[in-house]
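Enquirer: Data: protein_31.csv, CSV, C-alpha atoms.
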```
chain,number,residue,atom,x,y,z
A,1,MET,CA,116.9,98.8,129.5
A,2,SER,CA,114.9,101.3,131.5
A,3,LEU,CA,111.1,101.2,131.0
A,4,SER,CA,110.8,104.9,131.9
A,5,THR,CA,113.3,106.5,129.6
A,6,CYS,CA,113.4,106.6,125.8
A,7,ILE,CA,117.0,105.7,124.8
A,8,GLY,CA,118.5,107.5,121.9
A,9,SER,CA,117.8,110.6,119.9
A,10,TYR,CA,116.2,110.5,116.5
A,11,PRO,CA,115.9,113.3,113.9
A,12,LEU,CA,112.5,112.2,112.6
A,13,LYS,CA,109.0,112.0,113.9
A,14,TYR,CA,107.8,108.5,114.5
A,15,HIS,CA,104.1,107.6,114.6
A,16,LEU,CA,103.2,104.7,116.8
A,17,ILE,CA,100.0,103.1,115.6
A,18,PHE,CA,98.2,100.6,117.9
A,19,THR,CA,96.1,98.2,116.0
A,20,LEU,CA,93.8,95.5,117.4
A,21,ASP,CA,92.3,92.6,115.3
A,22,TYR,CA,88.7,92.5,116.7
A,23,GLU,CA,87.5,89.0,116.4
A,24,LEU,CA,86.8,85.6,118.1
A,25,PHE,CA,88.9,82.5,117.3
A,26,GLY,CA,89.2,81.5,113.7
A,27,ASN,CA,86.7,78.6,114.1
A,28,GLY,CA,84.1,80.8,115.8
A,29,SER,CA,84.8,79.6,119.3
A,30,GLY,CA,85.2,81.9,122.3
A,31,CYS,CA,82.8,83.9,124.5
A,32,ILE,CA,81.8,87.2,123.0
A,33,ASP,CA,81.8,89.0,126.4
A,34,LYS,CA,85.0,87.5,127.8
A,35,CYS,CA,87.1,87.1,124.6
A,36,LEU,CA,85.9,90.2,122.7
A,37,ILE,CA,84.1,93.0,124.5
A,38,ASP,CA,85.9,92.9,127.9
A,39,PRO,CA,89.5,92.7,126.8
A,40,THR,CA,88.9,95.4,124.1
A,41,ALA,CA,87.4,97.7,126.7
A,42,LYS,CA,90.5,97.2,128.9
A,43,CYS,CA,92.8,97.9,126.0
A,44,GLN,CA,90.8,101.0,125.1
A,45,SER,CA,91.0,102.3,128.7
A,46,LEU,CA,94.8,101.9,129.0
A,47,LEU,CA,95.4,103.6,125.7
A,48,GLU,CA,93.0,106.5,126.5
A,49,GLN,CA,94.8,107.0,129.8
A,50,ALA,CA,98.0,107.4,127.9
A,51,GLY,CA,96.5,109.6,125.2
A,52,ALA,CA,96.8,107.0,122.4
A,53,PRO,CA,94.2,106.2,119.8
A,54,LEU,CA,93.4,102.7,118.9
A,55,THR,CA,92.8,101.4,115.3
A,56,VAL,CA,90.4,98.5,115.5
A,57,PHE,CA,90.4,96.1,112.5
A,58,VAL,CA,86.9,94.9,112.7
A,59,GLU,CA,86.2,91.4,111.4
A,60,ALA,CA,83.1,92.5,109.7
A,61,LEU,CA,81.9,89.2,108.1
A,62,GLU,CA,82.0,87.4,111.4
A,63,LEU,CA,80.1,90.2,113.2
A,64,ALA,CA,77.6,90.4,110.3
A,65,ASN,CA,76.8,86.7,111.0
A,66,PHE,CA,76.3,87.4,114.7
A,67,ALA,CA,74.0,90.3,113.8
A,68,ALA,CA,71.9,88.1,111.6
A,69,LEU,CA,70.8,85.9,114.6
A,70,LYS,CA,68.0,88.3,115.6
A,71,ASN,CA,66.1,85.7,117.5
A,72,GLU,CA,69.0,84.1,119.3
A,73,PRO,CA,70.5,84.9,122.7
A,74,ILE,CA,73.6,86.1,121.0
A,75,ARG,CA,71.6,89.1,119.7
A,76,SER,CA,71.8,90.9,123.0
A,77,GLN,CA,75.6,90.3,123.0
A,78,ASN,CA,75.7,91.7,119.4
A,79,GLN,CA,74.1,94.9,120.6
A,80,GLY,CA,77.0,95.0,123.0
A,81,ILE,CA,79.4,94.7,120.1
A,82,ALA,CA,77.7,97.4,118.1
A,83,ALA,CA,77.6,99.7,121.2
A,84,GLN,CA,81.3,99.1,121.8
A,85,LEU,CA,82.3,99.9,118.3
A,86,ARG,CA,80.2,103.1,118.3
A,87,LEU,CA,81.8,104.2,121.5
A,88,LEU,CA,85.2,103.5,120.1
A,89,HIS,CA,84.4,105.7,117.1
A,90,GLU,CA,82.8,108.4,119.2
A,91,ASN,CA,86.0,108.5,121.4
A,92,GLY,CA,88.2,109.2,118.5
A,93,HIS,CA,89.4,105.7,117.8
A,94,LYS,CA,89.5,104.3,114.2
A,95,LEU,CA,87.6,101.3,112.8
A,96,GLU,CA,89.0,99.6,109.8
A,97,LEU,CA,88.2,96.6,107.7
A,98,HIS,CA,89.4,93.1,108.6
A,99,LEU,CA,88.1,90.0,106.8
A,100,HIS,CA,88.2,86.2,107.4
A,101,PRO,CA,86.5,84.8,104.3
A,102,GLN,CA,85.5,81.5,106.0
A,103,TRP,CA,82.6,83.4,107.5
A,104,MET,CA,81.1,84.2,104.0
A,105,SER,CA,78.6,81.4,104.2
A,106,ALA,CA,78.6,80.6,107.9
A,107,GLN,CA,75.8,78.7,109.5
A,108,LYS,CA,75.1,78.5,113.3
A,109,LYS,CA,74.7,74.9,114.5
A,110,ASP,CA,73.9,73.5,118.0
A,111,THR,CA,77.6,72.6,118.3
A,112,GLY,CA,79.0,75.9,117.2
A,113,TRP,CA,79.6,77.6,113.8
A,114,GLN,CA,79.9,75.7,110.6
A,115,LEU,CA,82.5,77.6,108.5
A,116,ASP,CA,83.9,77.1,105.0
A,117,TYR,CA,87.6,76.4,105.6
A,118,GLU,CA,88.2,76.1,101.8
A,119,LYS,CA,87.7,79.9,101.9
A,120,TRP,CA,90.1,80.6,104.7
A,121,ARG,CA,92.5,82.6,102.5
A,122,ILE,CA,91.2,85.7,100.8
A,123,GLY,CA,94.1,85.4,98.3
A,124,ASP,CA,92.7,82.1,97.0
A,125,LEU,CA,89.2,83.4,96.3
A,126,SER,CA,87.8,84.0,92.8
A,127,ASP,CA,87.2,87.5,91.6
A,128,THR,CA,83.5,87.3,92.4
A,129,GLU,CA,84.1,85.9,95.8
A,130,ILE,CA,86.6,88.7,96.6
A,131,THR,CA,84.1,91.3,95.5
A,132,ASP,CA,81.4,89.7,97.7
A,133,CYS,CA,83.8,89.4,100.6
A,134,VAL,CA,84.9,93.1,100.5
A,135,ASN,CA,81.4,94.5,99.8
A,136,GLY,CA,79.9,92.3,102.5
A,137,GLY,CA,82.4,93.6,105.0
A,138,LEU,CA,81.9,97.3,104.1
A,139,SER,CA,78.1,96.9,104.2
A,140,PHE,CA,78.4,95.9,107.9
A,141,PHE,CA,79.9,99.3,108.6
A,142,SER,CA,77.2,101.0,106.7
A,143,GLU,CA,74.3,99.0,108.3
A,144,PHE,CA,75.4,99.8,111.8
A,145,LYS,CA,76.4,103.3,111.0
A,146,ILE,CA,79.6,102.7,113.0
A,147,GLN,CA,81.9,104.9,110.9
A,148,ARG,CA,80.3,107.4,108.6
A,149,ASN,CA,83.5,108.9,107.2
A,150,MET,CA,86.3,106.5,106.4
A,151,ASN,CA,88.6,109.1,105.0
A,152,SER,CA,91.6,106.8,104.5
A,153,PRO,CA,90.2,103.3,104.7
A,154,VAL,CA,92.7,100.6,105.7
A,155,PHE,CA,92.6,96.8,105.2
A,156,ARG,CA,94.2,93.8,106.9
A,157,ALA,CA,93.7,90.3,105.7
A,158,GLY,CA,92.6,87.7,108.1
A,159,GLY,CA,95.4,85.4,109.1
A,160,TRP,CA,97.8,87.5,107.0
A,161,ALA,CA,96.7,85.2,104.2
A,162,MET,CA,96.5,87.8,101.4
A,163,GLN,CA,98.8,86.2,98.8
A,164,PRO,CA,98.5,86.1,95.8
A,165,SER,CA,97.5,89.7,96.3
A,166,GLY,CA,96.8,91.0,92.8
A,167,LYS,CA,93.1,90.4,92.7
A,168,VAL,CA,92.6,91.5,96.3
A,169,LEU,CA,94.4,94.8,95.8
A,170,LYS,CA,92.4,95.5,92.7
A,171,GLU,CA,89.1,95.0,94.5
A,172,LEU,CA,90.2,97.0,97.6
A,173,TYR,CA,91.2,99.9,95.3
A,174,LYS,CA,87.8,99.7,93.5
A,175,ALA,CA,86.2,99.9,97.0
A,176,GLY,CA,88.1,103.1,97.8
A,177,ILE,CA,90.6,101.5,100.1
A,178,ARG,CA,94.1,102.9,99.6
A,179,ILE,CA,96.2,101.4,102.5
A,180,ASP,CA,96.9,97.7,103.3
A,181,SER,CA,98.5,96.8,106.5
A,182,THR,CA,98.9,93.0,106.3
A,183,VAL,CA,102.6,92.4,105.7
A,184,ALA,CA,104.9,91.5,108.6
A,185,PRO,CA,108.3,91.6,106.9
A,186,GLY,CA,110.3,88.4,107.6
A,187,ALA,CA,107.3,86.4,108.8
A,188,TYR,CA,106.6,83.0,107.1
A,189,ASN,CA,104.0,80.3,107.4
A,190,PRO,CA,104.2,77.4,104.9
A,191,SER,CA,101.1,75.5,106.0
A,192,LYS,CA,98.9,74.9,103.0
A,193,GLY,CA,95.6,76.1,104.6
A,194,ASP,CA,96.8,79.5,105.9
A,195,TRP,CA,100.2,80.2,104.3
A,196,PHE,CA,101.8,83.5,103.9
A,197,ASP,CA,105.4,84.4,102.9
A,198,PHE,CA,106.8,87.9,103.8
A,199,ARG,CA,110.5,86.9,103.8
A,200,ARG,CA,111.3,89.1,100.7
A,201,THR,CA,110.0,92.6,101.2
A,202,PRO,CA,111.5,96.1,100.6
A,203,ASN,CA,113.6,97.4,103.5
A,204,LEU,CA,111.3,100.4,103.9
A,205,PRO,CA,108.8,101.6,106.5
A,206,PHE,CA,106.1,101.7,103.8
A,207,TRP,CA,105.9,101.3,100.0
A,208,ARG,CA,103.6,101.7,97.0
A,209,VAL,CA,102.1,98.6,95.6
A,210,SER,CA,100.1,97.6,92.5
A,211,ASP,CA,99.6,93.8,92.3
A,212,ASN,CA,102.0,92.4,94.9
A,213,ILE,CA,102.0,93.5,98.5
A,214,CYS,CA,105.7,92.4,98.9
A,215,GLN,CA,107.0,94.4,95.9
A,216,GLN,CA,107.5,98.1,95.6
A,217,ASN,CA,105.9,99.8,92.6
A,218,GLU,CA,106.3,103.5,92.4
A,219,GLN,CA,103.3,103.7,90.0
A,220,GLY,CA,101.1,101.8,92.4
A,221,GLY,CA,97.9,103.4,93.6
A,222,MET,CA,98.0,101.8,97.1
A,223,LEU,CA,100.3,101.8,100.0
A,224,GLU,CA,101.6,98.9,102.1
A,225,VAL,CA,102.1,100.0,105.6
A,226,PRO,CA,103.6,96.9,107.3
A,227,ILE,CA,103.4,95.7,110.8
A,228,ALA,CA,106.6,96.6,112.6
A,229,THR,CA,108.8,93.5,112.7
A,230,GLU,CA,112.4,93.1,113.7
A,231,ASN,CA,115.0,90.3,114.2
A,232,ILE,CA,115.6,90.5,118.0
A,233,GLY,CA,117.7,87.4,118.0
A,234,ARG,CA,116.7,83.8,118.8
A,235,ARG,CA,117.6,83.9,122.5
A,236,ALA,CA,115.7,87.1,123.2
A,237,HIS,CA,112.7,85.9,121.2
A,238,LEU,CA,112.6,82.5,123.0
A,239,GLN,CA,112.8,84.3,126.4
A,240,ALA,CA,109.9,86.5,125.4
A,241,LEU,CA,107.8,83.5,124.3
A,242,LYS,CA,108.7,81.7,127.5
A,243,GLU,CA,107.6,84.6,129.6
A,244,HIS,CA,104.3,84.8,127.7
A,245,ARG,CA,103.6,81.1,128.1
A,246,SER,CA,104.4,81.2,131.8
A,247,GLY,CA,101.5,83.6,132.3
A,248,GLU,CA,97.9,83.8,131.2
A,249,GLU,CA,97.5,83.2,127.5
A,250,PHE,CA,93.9,84.5,127.3
A,251,PRO,CA,91.8,87.1,129.1
A,252,LEU,CA,90.0,86.1,132.3
A,253,GLY,CA,87.2,83.7,131.5
A,254,CYS,CA,88.1,83.4,127.8
A,255,SER,CA,88.9,80.1,126.1
A,256,GLY,CA,88.8,79.0,122.5
A,257,SER,CA,90.4,76.9,119.8
A,258,TYR,CA,93.0,77.7,117.2
A,259,ALA,CA,91.6,74.9,115.0
A,260,GLY,CA,91.6,75.9,111.3
A,261,PRO,CA,92.0,74.7,107.8
A,262,ASN,CA,95.1,72.6,108.2
A,263,SER,CA,95.5,68.8,108.5
A,264,LYS,CA,97.5,67.6,111.5
A,265,LEU,CA,100.5,67.2,109.2
A,266,GLN,CA,100.2,70.7,107.9
A,267,ALA,CA,99.8,72.0,111.4
A,268,ILE,CA,103.0,70.3,112.5
A,269,LYS,CA,104.7,71.8,109.5
A,270,GLY,CA,103.6,75.2,110.5
A,271,LYS,CA,104.9,74.8,114.0
A,272,PHE,CA,108.3,73.7,112.8
A,273,ALA,CA,108.4,76.7,110.5
A,274,LYS,CA,107.7,79.0,113.5
A,275,LEU,CA,110.5,77.4,115.4
A,276,ALA,CA,112.9,78.0,112.4
A,277,ASN,CA,111.7,81.6,112.2
A,278,VAL,CA,112.3,82.3,115.9
A,279,GLY,CA,114.1,85.6,116.2
A,280,THR,CA,111.8,87.5,113.9
A,281,ALA,CA,109.1,89.2,116.0
A,282,MET,CA,106.1,91.4,115.3
A,283,LEU,CA,105.4,94.3,117.6
A,284,ASP,CA,102.6,92.4,119.3
A,285,PHE,CA,101.4,94.1,122.5
A,286,SER,CA,99.1,91.3,123.4
A,287,THR,CA,101.8,88.6,123.6
A,288,LEU,CA,105.2,90.2,124.2
A,289,PRO,CA,106.7,91.5,127.4
A,290,SER,CA,107.4,95.2,127.6
A,291,TRP,CA,111.2,94.8,127.2
A,292,ALA,CA,110.7,93.0,123.9
A,293,LEU,CA,108.2,95.7,122.7
A,294,ILE,CA,110.8,98.4,123.5
A,295,ASP,CA,113.6,96.5,121.9
A,296,ILE,CA,111.6,96.0,118.6
A,297,THR,CA,110.6,99.7,118.6
A,298,GLU,CA,114.2,101.0,119.2
A,299,ARG,CA,115.5,98.8,116.5
A,300,TYR,CA,112.8,99.9,114.1
A,301,MET,CA,113.5,103.6,114.9
A,302,SER,CA,117.2,103.1,114.4
A,303,ARG,CA,116.8,101.2,111.1
A,304,PHE,CA,114.8,104.0,109.5
A,305,ALA,CA,116.4,107.0,111.2
A,306,GLY,CA,117.7,108.2,107.8
A,307,PHE,CA,114.5,107.8,105.9
A,308,ASP,CA,113.3,111.0,104.4
A,309,ASP,CA,109.7,111.1,105.7
A,310,THR,CA,107.7,110.4,108.9
A,311,ILE,CA,107.8,106.8,110.0
A,312,PRO,CA,104.7,104.7,110.9
A,313,ILE,CA,105.4,102.1,113.5
A,314,VAL,CA,102.5,99.6,113.4
A,315,ALA,CA,101.9,97.6,116.6
A,316,ILE,CA,99.4,94.7,116.5
A,317,GLY,CA,97.3,93.0,119.2
A,318,HIS,CA,94.4,90.6,119.4
A,319,ASN,CA,91.6,91.0,121.9
A,320,LYS,CA,91.4,87.2,122.5
A,321,ASN,CA,95.1,87.3,123.6
A,322,PHE,CA,94.9,90.5,125.7
A,323,SER,CA,95.3,89.0,129.2
A,324,ARG,CA,96.0,90.6,132.5
A,325,GLN,CA,99.7,90.1,131.7
A,326,SER,CA,99.2,92.0,128.5
A,327,GLU,CA,97.7,94.9,130.4
A,328,GLU,CA,100.8,95.1,132.6
A,329,ASN,CA,103.2,95.0,129.6
A,330,LEU,CA,101.2,97.5,127.6
A,331,THR,CA,101.2,99.9,130.6
A,332,ASP,CA,105.0,99.7,130.9
A,333,TYR,CA,105.4,100.1,127.1
A,334,LEU,CA,103.1,103.2,127.0
A,335,ASN,CA,105.0,104.8,129.8
A,336,TRP,CA,108.3,104.2,127.9
A,337,ALA,CA,106.8,105.5,124.6
A,338,ASN,CA,105.5,108.7,126.4
A,339,SER,CA,109.1,109.5,127.3
A,340,CYS,CA,110.2,109.5,123.7
A,341,PRO,CA,110.3,113.2,122.5
A,342,ASN,CA,110.2,112.2,118.8
A,343,LEU,CA,107.5,109.6,119.0
A,344,THR,CA,103.8,110.3,118.9
A,345,PHE,CA,100.7,108.1,119.2
A,346,SER,CA,98.9,108.1,116.0
A,347,THR,CA,96.6,106.6,113.4
A,348,TYR,CA,97.1,105.8,109.7
A,349,GLU,CA,95.1,108.8,108.7
A,350,THR,CA,97.0,111.2,111.0
A,351,TRP,CA,100.4,109.8,109.9
A,352,LEU,CA,99.4,110.1,106.3
A,353,LYS,CA,98.7,113.8,106.7
A,354,THR,CA,102.3,114.4,107.8
A,355,THR,CA,103.9,112.7,104.8
A,356,THR,CA,104.6,113.8,101.2
A,357,ILE,CA,102.5,111.0,99.8
A,358,ASN,CA,99.6,111.4,97.6
A,359,ILE,CA,97.2,108.4,97.2
```
Before anything else, please render the file you have as structure tokens.

Expert:
Amino acid sequence: MSLSTCIGSYPLKYHLIFTLDYELFGNGSGCIDKCLIDPTAKCQSLLEQAGAPLTVFVEALELANFAALKNEPIRSQNQGIAAQLRLLHENGHKLELHLHPQWMSAQKKDTGWQLDYEKWRIGDLSDTEITDCVNGGLSFFSEFKIQRNMNSPVFRAGGWAMQPSGKVLKELYKAGIRIDSTVAPGAYNPSKGDWFDFRRTPNLPFWRVSDNICQQNEQGGMLEVPIATENIGRRAHLQALKEHRSGEEFPLGCSGSYAGPNSKLQAIKGKFAKLANVGTAMLDFSTLPSWALIDITERYMSRFAGFDDTIPIVAIGHNKNFSRQSEENLTDYLNWANSCPNLTFSTYETWLKTTTINI
């Protein structure tokens, strides 16, 4: 497959939305400069050169904890974070809400961050805790005056762990958020501490929801705009994973731990589930080679070619995984995407304006 030519002709306009989960590792490890600020700046630069906006899902509870350490060395780094987010906003990129609830009552210790792993999943929180979590995240945006006008606020749950989603959707709606972009159709993680199950979702590019992000409800007041996910076949997916692991997994100078809420047994269970689910791949521009990104996108465009509306194609990345190899693959992918006459770089807000949807 050529990296410079868009294969096929499609009758609809496709909106490619680049999203970045802006965060350190789940247990708080990782250098802010090397794992967060530097790779985000490189991603921003590549997208701007191609004329593409970036939608940054800001892990607001985590950053609020960094900001609270006014007398610590990390404070100067936090000013770097605030400056970066303001620059992103000023340059036309979008900042949206991303929450990892384990940061709700975080404490800084000499050995690192002490987090509440019992609160890893927002779907497991009580009504009051969900309210505090969402309001705490939104207050971070307000305090730093990062984004004054969130015209179509979008949410993504940390670790995709939004289920059961009824209480969360209710609180998001009350807070003025009308779009969720957590679901990755076909993806599955059975580990007790951070489970999610998106194996049964509508075969649609987006759908209305009321109390279940995996079920369409035409009367629902919110939209689920899923991460683009396709079955590219086990062999192709394994080859993509092999290529990723043969290169640099993290940005230069970045290291951290994926330690989380699971016991060793649960972690092993999760790894076996990932192996069983090989073939189903998210459109992840931080970990996939360019040929796999193109394959997923072409399949997605073909699958919804007959859909009677404009199509959002949501790509996902993580700054802590955006390595030099990721930069090369994203550059090739952007060159390919720019050759597609019926594909445009977009944001959720811009895409929504082209649809017949009222929310």

Enquirer: Figure out the distance between atom CA of Met301 of chain A and atom CA of Pro153 of chain A, please, to one decimal in Å.

Expert: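 Calculated distance between atom CA of Pro153 of chain A and atom CA of Met301 of chain A is 25.4 Å.
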
Enquirer: Write out as a PyMOL selection string the residues lying within 6 Å of segment 110-125 of chain A, counting only C-alpha atoms and excluding same-chain residues fewer than 5 positions away.

Expert: chain A and resi 28+101-103+130+161-165+261

Enquirer: Check the smallest atom-to-atom distance from each of A:Trp207, A:Phe66, A:Phe140, A:Phe322 to Cys254 of chain A using only C-alpha atoms, then report the winner.

Expert: A:Phe322

Enquirer: Excluding Asn212 of chain A and residues on its chain fewer than 3 positions from it, collect all residues at most 7 Å away from it, counting all atoms listed in the file, and give them as a list in words.

Expert: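 The neighbour list is Ser165, Gly166, Val209 and Gln215 of chain A.
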
Enquirer: May I ask for the distance between atom CA of Gly159 of chain A and atom CA of Arg86 of chain A, given in Å to one decimal place?

Expert: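 Result for atom CA of Gly159 of chain A versus atom CA of Arg86 of chain A: 25.1 Å, one decimal.
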
Enquirer: I want to know what sits within 7 Å of segment 41-47 of chain A, based on all atoms listed in the file, with residues of the same chain fewer than 6 positions away left out; could you give that as a list of chain:residue names?

Expert: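 The neighbour list is A:Pro53, A:Leu54, A:Thr331.
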
Enquirer: To one decimal place, how far is atom CA of Glu224 of chain A from atom CA of Lys353 of chain A in Å?

Expert: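 Here the two named atoms are 15.9 Å from each other.
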
Enquirer: Using all atoms listed in the file, which of the listed residues (A:Leu85, A:Met222, A:Leu36, A:Cys214) sits closest to Lys174 of chain A?

Expert: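 That would be A:Met222, the residue with the smallest distance to Lys174 of chain A.
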
Enquirer: Find the spatial neighbours of Thr350 of chain A, counting only C-alpha atoms, within a cut-off of 12 Å - ignore same-chain residues fewer than 6 positions away - and output them as a list in words.

Expert: Tyr14, His15, Leu16, Ile17, Pro53, Thr55, Gly92, His93, Lys94, Asn151, Ser152, Thr310, Ile311, Pro312 and Thr344 of chain A

Enquirer: Restricting the output to C-alpha atoms, write the selected residues as a PDB file, in the frame of the given file.

Expert:
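Saved as result_34.pdb:
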```
ATOM      1  CA  TYR A  14     107.800 108.500 114.500  1.00  0.00           C
ATOM      2  CA  HIS A  15     104.100 107.600 114.600  1.00  0.00           C
ATOM      3  CA  LEU A  16     103.200 104.700 116.800  1.00  0.00           C
ATOM      4  CA  ILE A  17     100.000 103.100 115.600  1.00  0.00           C
ATOM      5  CA  PRO A  53      94.200 106.200 119.800  1.00  0.00           C
ATOM      6  CA  THR A  55      92.800 101.400 115.300  1.00  0.00           C
ATOM      7  CA  GLY A  92      88.200 109.200 118.500  1.00  0.00           C
ATOM      8  CA  HIS A  93      89.400 105.700 117.800  1.00  0.00           C
ATOM      9  CA  LYS A  94      89.500 104.300 114.200  1.00  0.00           C
ATOM     10  CA  ASN A 151      88.600 109.100 105.000  1.00  0.00           C
ATOM     11  CA  SER A 152      91.600 106.800 104.500  1.00  0.00           C
ATOM     12  CA  THR A 310     107.700 110.400 108.900  1.00  0.00           C
ATOM     13  CA  ILE A 311     107.800 106.800 110.000  1.00  0.00           C
ATOM     14  CA  PRO A 312     104.700 104.700 110.900  1.00  0.00           C
ATOM     15  CA  THR A 344     103.800 110.300 118.900  1.00  0.00           C
TER      16      THR A 344
END
```

Enquirer: Could you check which of A:Leu293, A:Leu20, A:Ala315, A:Leu238 is closest to Asn277 of chain A, using all atoms listed in the file?

Expert: A:Leu238

Enquirer: For each of A:Asp21, A:Glu218, A:Glu230, A:Asp309, take the minimum atom-to-atom distance to Gly279 of chain A, counting only C-alpha atoms, then give the residue where this is smallest.

Expert: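 Among A:Asp21, A:Glu218, A:Glu230, A:Asp309, it is A:Glu230 that comes nearest to Gly279 of chain A.
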
Enquirer: Can you tell me which residues surround Glu327 of chain A at a distance of at most 12 Å, considering all atoms listed in the file, apart from same-chain residues fewer than 6 positions away, and format the answer as a list of chain:residue names?

Expert: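 Contacts, in chain order: A:Pro39, A:Thr40, A:Ala41, A:Lys42, A:Cys43, A:Gln44, A:Ser45, A:Leu46, A:Leu47, A:Glu248, A:Phe250, A:Pro251, A:Leu252, A:Phe285, A:Ser286, A:Thr287, A:Leu288, A:Pro289, A:Ser290, A:Gly317, A:Asn319, A:Asn321, A:Tyr333, A:Leu334.
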
Enquirer: Go through A:Ser210, A:Ser302, A:Ser181, A:Ser255 one by one, measure the shortest atom-to-atom distance of each to Gly30 of chain A using all atoms listed in the file, and give the residue with the smallest value.

Expert: A:Ser255

Enquirer: Between A:Asn203, A:Ser142, A:Asn135, A:Ser126, single out the one closest to Arg303 of chain A, counting all atoms listed in the file.

Expert: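 Closest residue, counting all atoms listed in the file: A:Asn203.
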